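What follows is the content of structure_16.pdb (PDB, C-alpha atoms, pLDDT in the B column).
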MODEL        1
ATOM      1  CA  MET A  30     112.862 140.573 112.809  1.00 88.00           C
ATOM      2  CA  ARG A  31     111.335 137.170 113.641  1.00 96.00           C
ATOM      3  CA  PHE A  32     112.880 135.092 110.871  1.00 97.00           C
ATOM      4  CA  ILE A  33     113.168 131.628 112.474  1.00 98.00           C
ATOM      5  CA  PRO A  34     110.149 129.597 111.340  1.00 98.00           C
ATOM      6  CA  THR A  35     108.417 127.365 113.875  1.00 98.00           C
ATOM      7  CA  LYS A  36     109.449 124.362 111.785  1.00 97.00           C
ATOM      8  CA  VAL A  37     113.120 125.212 112.455  1.00 98.00           C
ATOM      9  CA  HIS A  38     112.421 126.230 116.061  1.00 98.00           C
ATOM     10  CA  GLY A  39     110.822 122.831 116.643  1.00 98.00           C
ATOM     11  CA  ILE A  40     113.862 120.968 115.358  1.00 98.00           C
ATOM     12  CA  LEU A  41     116.053 123.092 117.628  1.00 98.00           C
ATOM     13  CA  ASP A  42     113.760 122.285 120.573  1.00 98.00           C
ATOM     14  CA  TYR A  43     114.413 118.558 120.295  1.00 98.00           C
ATOM     15  CA  ILE A  44     118.147 118.988 119.608  1.00 98.00           C
ATOM     16  CA  VAL A  45     118.579 121.333 122.585  1.00 98.00           C
ATOM     17  CA  GLY A  46     116.455 119.070 124.789  1.00 98.00           C
ATOM     18  CA  LEU A  47     118.674 116.081 124.014  1.00 98.00           C
ATOM     19  CA  ALA A  48     121.826 118.200 124.389  1.00 98.00           C
ATOM     20  CA  LEU A  49     120.690 119.409 127.813  1.00 98.00           C
ATOM     21  CA  ILE A  50     120.068 115.840 128.942  1.00 98.00           C
ATOM     22  CA  ALA A  51     123.549 114.845 127.741  1.00 98.00           C
ATOM     23  CA  ALA A  52     125.309 118.062 128.853  1.00 98.00           C
ATOM     24  CA  PRO A  53     126.774 116.738 132.124  1.00 98.00           C
ATOM     25  CA  TRP A  54     128.585 114.002 130.175  1.00 98.00           C
ATOM     26  CA  LEU A  55     129.290 116.088 127.051  1.00 98.00           C
ATOM     27  CA  PHE A  56     130.988 118.813 129.114  1.00 98.00           C
ATOM     28  CA  GLY A  57     132.487 116.490 131.728  1.00 98.00           C
ATOM     29  CA  PHE A  58     130.729 117.724 134.857  1.00 98.00           C
ATOM     30  CA  ALA A  59     128.558 114.693 135.640  1.00 98.00           C
ATOM     31  CA  GLY A  60     130.790 113.917 138.621  1.00 98.00           C
ATOM     32  CA  VAL A  61     129.974 117.249 140.259  1.00 98.00           C
ATOM     33  CA  GLY A  62     126.461 116.044 141.014  1.00 98.00           C
ATOM     34  CA  GLY A  63     123.742 118.127 142.594  1.00 98.00           C
ATOM     35  CA  PRO A  64     121.896 120.967 140.877  1.00 98.00           C
ATOM     36  CA  ALA A  65     124.621 121.479 138.253  1.00 98.00           C
ATOM     37  CA  VAL A  66     123.778 118.037 136.850  1.00 98.00           C
ATOM     38  CA  VAL A  67     120.077 117.746 137.681  1.00 98.00           C
ATOM     39  CA  ILE A  68     118.957 121.111 136.268  1.00 98.00           C
ATOM     40  CA  PRO A  69     119.971 120.605 132.612  1.00 98.00           C
ATOM     41  CA  ILE A  70     118.595 117.062 132.623  1.00 98.00           C
ATOM     42  CA  VAL A  71     115.222 118.111 134.054  1.00 98.00           C
ATOM     43  CA  LEU A  72     114.991 121.135 131.745  1.00 98.00           C
ATOM     44  CA  GLY A  73     115.933 118.984 128.741  1.00 98.00           C
ATOM     45  CA  VAL A  74     113.212 116.447 129.518  1.00 99.00           C
ATOM     46  CA  GLY A  75     110.760 119.277 130.156  1.00 98.00           C
ATOM     47  CA  LEU A  76     111.624 120.946 126.846  1.00 98.00           C
ATOM     48  CA  ILE A  77     111.007 117.726 124.945  1.00 98.00           C
ATOM     49  CA  VAL A  78     107.711 117.121 126.748  1.00 98.00           C
ATOM     50  CA  TYR A  79     106.248 120.590 126.193  1.00 98.00           C
ATOM     51  CA  SER A  80     107.496 120.518 122.599  1.00 98.00           C
ATOM     52  CA  LEU A  81     105.524 117.328 122.002  1.00 98.00           C
ATOM     53  CA  PHE A  82     102.416 119.199 123.160  1.00 98.00           C
ATOM     54  CA  THR A  83     103.029 122.451 121.250  1.00 98.00           C
ATOM     55  CA  LYS A  84     100.821 123.434 118.289  1.00 97.00           C
ATOM     56  CA  TYR A  85     103.527 123.498 115.627  1.00 97.00           C
ATOM     57  CA  GLU A  86     104.938 121.258 112.940  1.00 97.00           C
ATOM     58  CA  TRP A  87     106.844 119.027 115.395  1.00 97.00           C
ATOM     59  CA  GLY A  88     104.184 118.760 118.116  1.00 98.00           C
ATOM     60  CA  PRO A  89     102.223 115.527 117.562  1.00 97.00           C
ATOM     61  CA  PHE A  90      99.887 116.216 120.493  1.00 97.00           C
ATOM     62  CA  GLY A  91      99.663 119.959 119.858  1.00 95.00           C
ATOM     63  CA  PHE A  92      97.506 121.961 122.180  1.00 95.00           C
ATOM     64  CA  ILE A  93      99.976 124.458 123.724  1.00 98.00           C
ATOM     65  CA  PRO A  94      99.918 127.632 121.592  1.00 98.00           C
ATOM     66  CA  MET A  95     103.302 128.640 120.207  1.00 98.00           C
ATOM     67  CA  PRO A  96     103.354 131.977 122.089  1.00 98.00           C
ATOM     68  CA  VAL A  97     102.925 130.044 125.363  1.00 98.00           C
ATOM     69  CA  HIS A  98     105.717 127.668 124.288  1.00 98.00           C
ATOM     70  CA  LEU A  99     107.973 130.695 123.751  1.00 98.00           C
ATOM     71  CA  VAL A 100     107.170 131.968 127.260  1.00 98.00           C
ATOM     72  CA  PHE A 101     108.116 128.529 128.640  1.00 98.00           C
ATOM     73  CA  ASP A 102     111.367 128.728 126.644  1.00 98.00           C
ATOM     74  CA  VAL A 103     112.271 132.131 128.098  1.00 98.00           C
ATOM     75  CA  ALA A 104     111.395 131.158 131.676  1.00 98.00           C
ATOM     76  CA  ALA A 105     113.328 127.874 131.504  1.00 98.00           C
ATOM     77  CA  SER A 106     116.291 129.561 129.791  1.00 98.00           C
ATOM     78  CA  LEU A 107     116.495 132.346 132.355  1.00 98.00           C
ATOM     79  CA  PHE A 108     116.417 129.732 135.097  1.00 98.00           C
ATOM     80  CA  LEU A 109     119.137 127.710 133.330  1.00 99.00           C
ATOM     81  CA  ALA A 110     121.347 130.758 132.743  1.00 98.00           C
ATOM     82  CA  LEU A 111     121.023 131.972 136.339  1.00 98.00           C
ATOM     83  CA  SER A 112     121.158 128.540 137.996  1.00 98.00           C
ATOM     84  CA  PRO A 113     124.927 128.621 138.678  1.00 98.00           C
ATOM     85  CA  TRP A 114     124.394 131.658 140.936  1.00 98.00           C
ATOM     86  CA  ILE A 115     121.016 130.608 142.335  1.00 98.00           C
ATOM     87  CA  PHE A 116     122.363 127.200 143.396  1.00 98.00           C
ATOM     88  CA  GLY A 117     125.940 128.237 144.168  1.00 98.00           C
ATOM     89  CA  PHE A 118     127.981 126.340 141.605  1.00 98.00           C
ATOM     90  CA  ALA A 119     129.265 129.405 139.729  1.00 98.00           C
ATOM     91  CA  GLY A 120     132.566 128.963 141.586  1.00 97.00           C
ATOM     92  CA  GLU A 121     133.148 125.554 140.013  1.00 98.00           C
ATOM     93  CA  ALA A 122     135.307 125.019 136.930  1.00 98.00           C
ATOM     94  CA  LEU A 123     134.251 126.761 133.721  1.00 98.00           C
ATOM     95  CA  ASN A 124     133.002 123.531 132.134  1.00 98.00           C
ATOM     96  CA  VAL A 125     130.457 123.185 134.973  1.00 98.00           C
ATOM     97  CA  TRP A 126     128.671 126.540 134.919  1.00 98.00           C
ATOM     98  CA  LEU A 127     129.439 128.066 131.512  1.00 98.00           C
ATOM     99  CA  PRO A 128     127.252 125.632 129.501  1.00 98.00           C
ATOM    100  CA  HIS A 129     124.265 126.614 131.676  1.00 98.00           C
ATOM    101  CA  LEU A 130     124.835 130.301 130.963  1.00 98.00           C
ATOM    102  CA  VAL A 131     125.627 129.938 127.254  1.00 98.00           C
ATOM    103  CA  VAL A 132     122.726 127.618 126.426  1.00 98.00           C
ATOM    104  CA  GLY A 133     120.309 129.718 128.480  1.00 98.00           C
ATOM    105  CA  VAL A 134     121.288 132.939 126.701  1.00 98.00           C
ATOM    106  CA  ALA A 135     121.393 131.245 123.279  1.00 98.00           C
ATOM    107  CA  VAL A 136     117.851 129.908 123.650  1.00 98.00           C
ATOM    108  CA  ILE A 137     116.585 133.365 124.647  1.00 98.00           C
ATOM    109  CA  VAL A 138     118.174 134.775 121.468  1.00 98.00           C
ATOM    110  CA  VAL A 139     116.488 132.037 119.407  1.00 98.00           C
ATOM    111  CA  VAL A 140     113.126 132.910 121.005  1.00 98.00           C
ATOM    112  CA  LEU A 141     113.577 136.594 120.150  1.00 98.00           C
ATOM    113  CA  PHE A 142     114.019 135.671 116.487  1.00 98.00           C
ATOM    114  CA  SER A 143     111.390 132.907 116.329  1.00 98.00           C
ATOM    115  CA  GLN A 144     108.047 133.373 114.650  1.00 98.00           C
ATOM    116  CA  PRO A 145     105.199 133.181 117.178  1.00 97.00           C
ATOM    117  CA  GLN A 146     102.892 131.153 114.909  1.00 96.00           C
ATOM    118  CA  PRO A 147     103.340 128.291 112.446  1.00 94.00           C
ATOM    119  CA  ALA A 148     103.061 129.267 108.772  1.00 86.00           C
ATOM    120  CA  SER A 149      99.715 127.468 108.461  1.00 79.00           C
ATOM    121  CA  VAL A 150      98.191 129.597 111.248  1.00 69.00           C
ATOM    122  CA  ARG A 151      99.602 132.813 109.763  1.00 57.00           C
ATOM    123  CA  ALA A 152      98.191 131.901 106.331  1.00 60.00           C
ATOM    124  CA  THR A 153      94.740 131.207 107.803  1.00 61.00           C
ATOM    125  CA  ALA A 154      94.792 134.513 109.685  1.00 59.00           C
ATOM    126  CA  ARG A 155      95.521 136.432 106.453  1.00 56.00           C
ATOM    127  CA  ALA A 156      92.725 134.738 104.515  1.00 53.00           C
TER     128      ALA A 156
ENDMDL
END
This structure in structure tokens:
Amino acid sequence: MRFIPTKVHGILDYIVGLALIAAPWLFGFAGVGGPAVVIPIVLGVGLIVYSLFTKYEWGPFGFIPMPVHLVFDVAASLFLALSPWIFGFAGEALNVWLPHLVVGVAVIVVVLFSQPQPASVRATARA
């Protein structure tokens, strides 16, 4: 069931991190300001930072185990998906709150299908 290798997950981490940082401008809600704008930027920077420190193919300073990284992903994604209601901007235009919900849910789906260990760790465990 977990068919997304950590090598692919890592690439997605950096792409999603950059997309979150750019989301207010990509989706045209930068002018709204407040939590709607700050949350994706902070979560995008955070995703890139903890990805740099994850023990997988794309983590140059790897010391965070991949299962812990996945827990961070789920926690951050739940927060992102629920942020329009937590911070009261769910009543704004669709382009303001829908990206938060869609990206949050999409990342949770990716986590559910991601392998919890890099291939090199799985190979060592089998030996």
* To do: Can you turn the PyMOL selection byres ((chain A and resi 139-142) around 10) into a concrete residue list for this file, as number ranges by chain?
  => A: 30-34, 38, 41, 96, 98-100, 102-103, 106, 134-138, 143-145
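Here atom CA of Val131 of chain A and atom CA of Ala59 of chain A stand 17.6 Å from one another.
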Neighbours of Gly88 of chain A within 12 Å (all atoms listed in the file; same-chain residues fewer than 3 positions away dropped), as a PDB file with C-alpha atoms, in the frame of the given file?
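File around_15.pdb, as written:
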ATOM      1  CA  THR A  35     108.417 127.365 113.875  1.00 98.00           C
ATOM      2  CA  LYS A  36     109.449 124.362 111.785  1.00 97.00           C
ATOM      3  CA  HIS A  38     112.421 126.230 116.061  1.00 98.00           C
ATOM      4  CA  GLY A  39     110.822 122.831 116.643  1.00 98.00           C
ATOM      5  CA  ILE A  40     113.862 120.968 115.358  1.00 98.00           C
ATOM      6  CA  ASP A  42     113.760 122.285 120.573  1.00 98.00           C
ATOM      7  CA  TYR A  43     114.413 118.558 120.295  1.00 98.00           C
ATOM      8  CA  LEU A  76     111.624 120.946 126.846  1.00 98.00           C
ATOM      9  CA  ILE A  77     111.007 117.726 124.945  1.00 98.00           C
ATOM     10  CA  VAL A  78     107.711 117.121 126.748  1.00 98.00           C
ATOM     11  CA  TYR A  79     106.248 120.590 126.193  1.00 98.00           C
ATOM     12  CA  SER A  80     107.496 120.518 122.599  1.00 98.00           C
ATOM     13  CA  LEU A  81     105.524 117.328 122.002  1.00 98.00           C
ATOM     14  CA  PHE A  82     102.416 119.199 123.160  1.00 98.00           C
ATOM     15  CA  THR A  83     103.029 122.451 121.250  1.00 98.00           C
ATOM     16  CA  LYS A  84     100.821 123.434 118.289  1.00 97.00           C
ATOM     17  CA  TYR A  85     103.527 123.498 115.627  1.00 97.00           C
ATOM     18  CA  GLY A  91      99.663 119.959 119.858  1.00 95.00           C
ATOM     19  CA  PHE A  92      97.506 121.961 122.180  1.00 95.00           C
ATOM     20  CA  ILE A  93      99.976 124.458 123.724  1.00 98.00           C
ATOM     21  CA  PRO A  94      99.918 127.632 121.592  1.00 98.00           C
ATOM     22  CA  MET A  95     103.302 128.640 120.207  1.00 98.00           C
ATOM     23  CA  HIS A  98     105.717 127.668 124.288  1.00 98.00           C
ATOM     24  CA  PRO A 147     103.340 128.291 112.446  1.00 94.00           C
TER      25      PRO A 147
END
Pairwise distance, atom CA of Leu47 of chain A with atom CA of Val74 of chain A, equals 7.8 Å
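Evaluated on this file, the PyMOL selection byres ((chain A and resi 63) around 12) matches Pro53, Phe58, Ala59, Gly60, Val61, Gly62, Pro64, Ala65, Val66, Val67, Ile68, Pro69, Ile70, Ser112, Pro113, Phe116, Gly117, Phe118 and Val125 of chain A.
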Take the residues from that selection and write them out as a PDB file, keeping the file's coordinate frame, keeping C-alpha atoms.
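Output (result-v5.pdb):
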ATOM      1  CA  PRO A  53     126.774 116.738 132.124  1.00 98.00           C
ATOM      2  CA  PHE A  58     130.729 117.724 134.857  1.00 98.00           C
ATOM      3  CA  ALA A  59     128.558 114.693 135.640  1.00 98.00           C
ATOM      4  CA  GLY A  60     130.790 113.917 138.621  1.00 98.00           C
ATOM      5  CA  VAL A  61     129.974 117.249 140.259  1.00 98.00           C
ATOM      6  CA  GLY A  62     126.461 116.044 141.014  1.00 98.00           C
ATOM      7  CA  PRO A  64     121.896 120.967 140.877  1.00 98.00           C
ATOM      8  CA  ALA A  65     124.621 121.479 138.253  1.00 98.00           C
ATOM      9  CA  VAL A  66     123.778 118.037 136.850  1.00 98.00           C
ATOM     10  CA  VAL A  67     120.077 117.746 137.681  1.00 98.00           C
ATOM     11  CA  ILE A  68     118.957 121.111 136.268  1.00 98.00           C
ATOM     12  CA  PRO A  69     119.971 120.605 132.612  1.00 98.00           C
ATOM     13  CA  ILE A  70     118.595 117.062 132.623  1.00 98.00           C
ATOM     14  CA  SER A 112     121.158 128.540 137.996  1.00 98.00           C
ATOM     15  CA  PRO A 113     124.927 128.621 138.678  1.00 98.00           C
ATOM     16  CA  PHE A 116     122.363 127.200 143.396  1.00 98.00           C
ATOM     17  CA  GLY A 117     125.940 128.237 144.168  1.00 98.00           C
ATOM     18  CA  PHE A 118     127.981 126.340 141.605  1.00 98.00           C
ATOM     19  CA  VAL A 125     130.457 123.185 134.973  1.00 98.00           C
TER      20      VAL A 125
END
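Of the residues listed (A:Gly57, A:Gly120, A:Pro89, A:Gly73), A:Gly73 shows the shortest atom-to-atom separation from Ala105 of chain A; distances use only C-alpha atoms.
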Students should find that atom CA of Ala110 of chain A and atom CA of Val97 of chain A are spaced 19.9 Å
From the list A:Ile115, A:Val71, A:Ala122, A:Leu127, the nearest residue to Leu49 of chain A using all atoms listed in the file is A:Val71
Padding 4 Å on every side, please: axis-aligned box over the listed atoms of segment 36-50 of chain A, centre and edge lengths to one decimal in Å, as JSON.
{"center_x": 115.6, "center_y": 121.0, "center_z": 120.4, "size_x": 20.4, "size_y": 18.4, "size_z": 25.2}
Between A:Leu107, A:Val37, A:Val132, A:Ala148, smallest distance to Ala52 of chain A by all atoms listed in the file belongs to A:Val132
Judged by only C-alpha atoms, the minimum distance to Pro128 of chain A among A:Val45, A:Ala104, A:Glu86, A:Phe56 is found for A:Phe56
Starting from the sparse input, extend segment 103-125 of chain A to N, CA and C atoms and give the output as a compact mmCIF listing (two decimals), in the frame of the given file.
# COMPACT_ATOMS: atom_id res chain seq x y z
N VAL A 103 111.58 131.01 127.44
CA VAL A 103 112.27 132.13 128.10
C VAL A 103 112.41 131.86 129.59
N ALA A 104 111.34 131.42 130.23
CA ALA A 104 111.40 131.16 131.68
C ALA A 104 112.43 130.08 132.00
N ALA A 105 112.39 128.97 131.26
CA ALA A 105 113.33 127.87 131.50
C ALA A 105 114.76 128.32 131.21
N SER A 106 114.95 129.11 130.17
CA SER A 106 116.29 129.56 129.79
C SER A 106 116.87 130.54 130.79
N LEU A 107 116.03 131.43 131.30
CA LEU A 107 116.50 132.35 132.35
C LEU A 107 116.92 131.55 133.59
N PHE A 108 116.09 130.58 133.96
CA PHE A 108 116.42 129.73 135.10
C PHE A 108 117.73 128.99 134.86
N LEU A 109 117.90 128.43 133.67
CA LEU A 109 119.14 127.71 133.33
C LEU A 109 120.34 128.64 133.40
N ALA A 110 120.22 129.81 132.79
CA ALA A 110 121.35 130.76 132.74
C ALA A 110 121.73 131.26 134.13
N LEU A 111 120.75 131.44 135.00
CA LEU A 111 121.02 131.97 136.34
C LEU A 111 121.29 130.89 137.38
N SER A 112 121.04 129.63 137.03
CA SER A 112 121.16 128.54 138.00
C SER A 112 122.54 128.42 138.65
N PRO A 113 123.64 128.72 137.97
CA PRO A 113 124.93 128.62 138.68
C PRO A 113 125.01 129.55 139.90
N TRP A 114 124.37 130.71 139.83
CA TRP A 114 124.39 131.66 140.94
C TRP A 114 123.28 131.36 141.94
N ILE A 115 122.13 130.94 141.44
CA ILE A 115 121.02 130.61 142.34
C ILE A 115 121.39 129.43 143.24
N PHE A 116 122.05 128.42 142.66
CA PHE A 116 122.36 127.20 143.40
C PHE A 116 123.82 127.10 143.84
N GLY A 117 124.60 128.15 143.61
CA GLY A 117 125.94 128.24 144.17
C GLY A 117 127.02 127.39 143.53
N PHE A 118 126.89 127.09 142.24
CA PHE A 118 127.98 126.34 141.60
C PHE A 118 128.72 127.18 140.57
N ALA A 119 128.55 128.50 140.64
CA ALA A 119 129.26 129.40 139.73
C ALA A 119 130.76 129.43 140.03
N GLY A 120 131.16 129.00 141.22
CA GLY A 120 132.57 128.96 141.59
C GLY A 120 133.29 127.71 141.12
N GLU A 121 132.55 126.79 140.53
CA GLU A 121 133.15 125.55 140.01
C GLU A 121 133.94 125.87 138.74
N ALA A 122 134.55 124.86 138.17
CA ALA A 122 135.31 125.02 136.93
C ALA A 122 134.39 125.53 135.82
N LEU A 123 134.99 126.17 134.84
CA LEU A 123 134.25 126.76 133.72
C LEU A 123 133.34 125.76 133.02
N ASN A 124 133.80 124.53 132.85
CA ASN A 124 133.00 123.53 132.13
C ASN A 124 131.74 123.13 132.90
N VAL A 125 131.63 123.52 134.17
CA VAL A 125 130.46 123.18 134.97
C VAL A 125 129.36 124.23 134.78
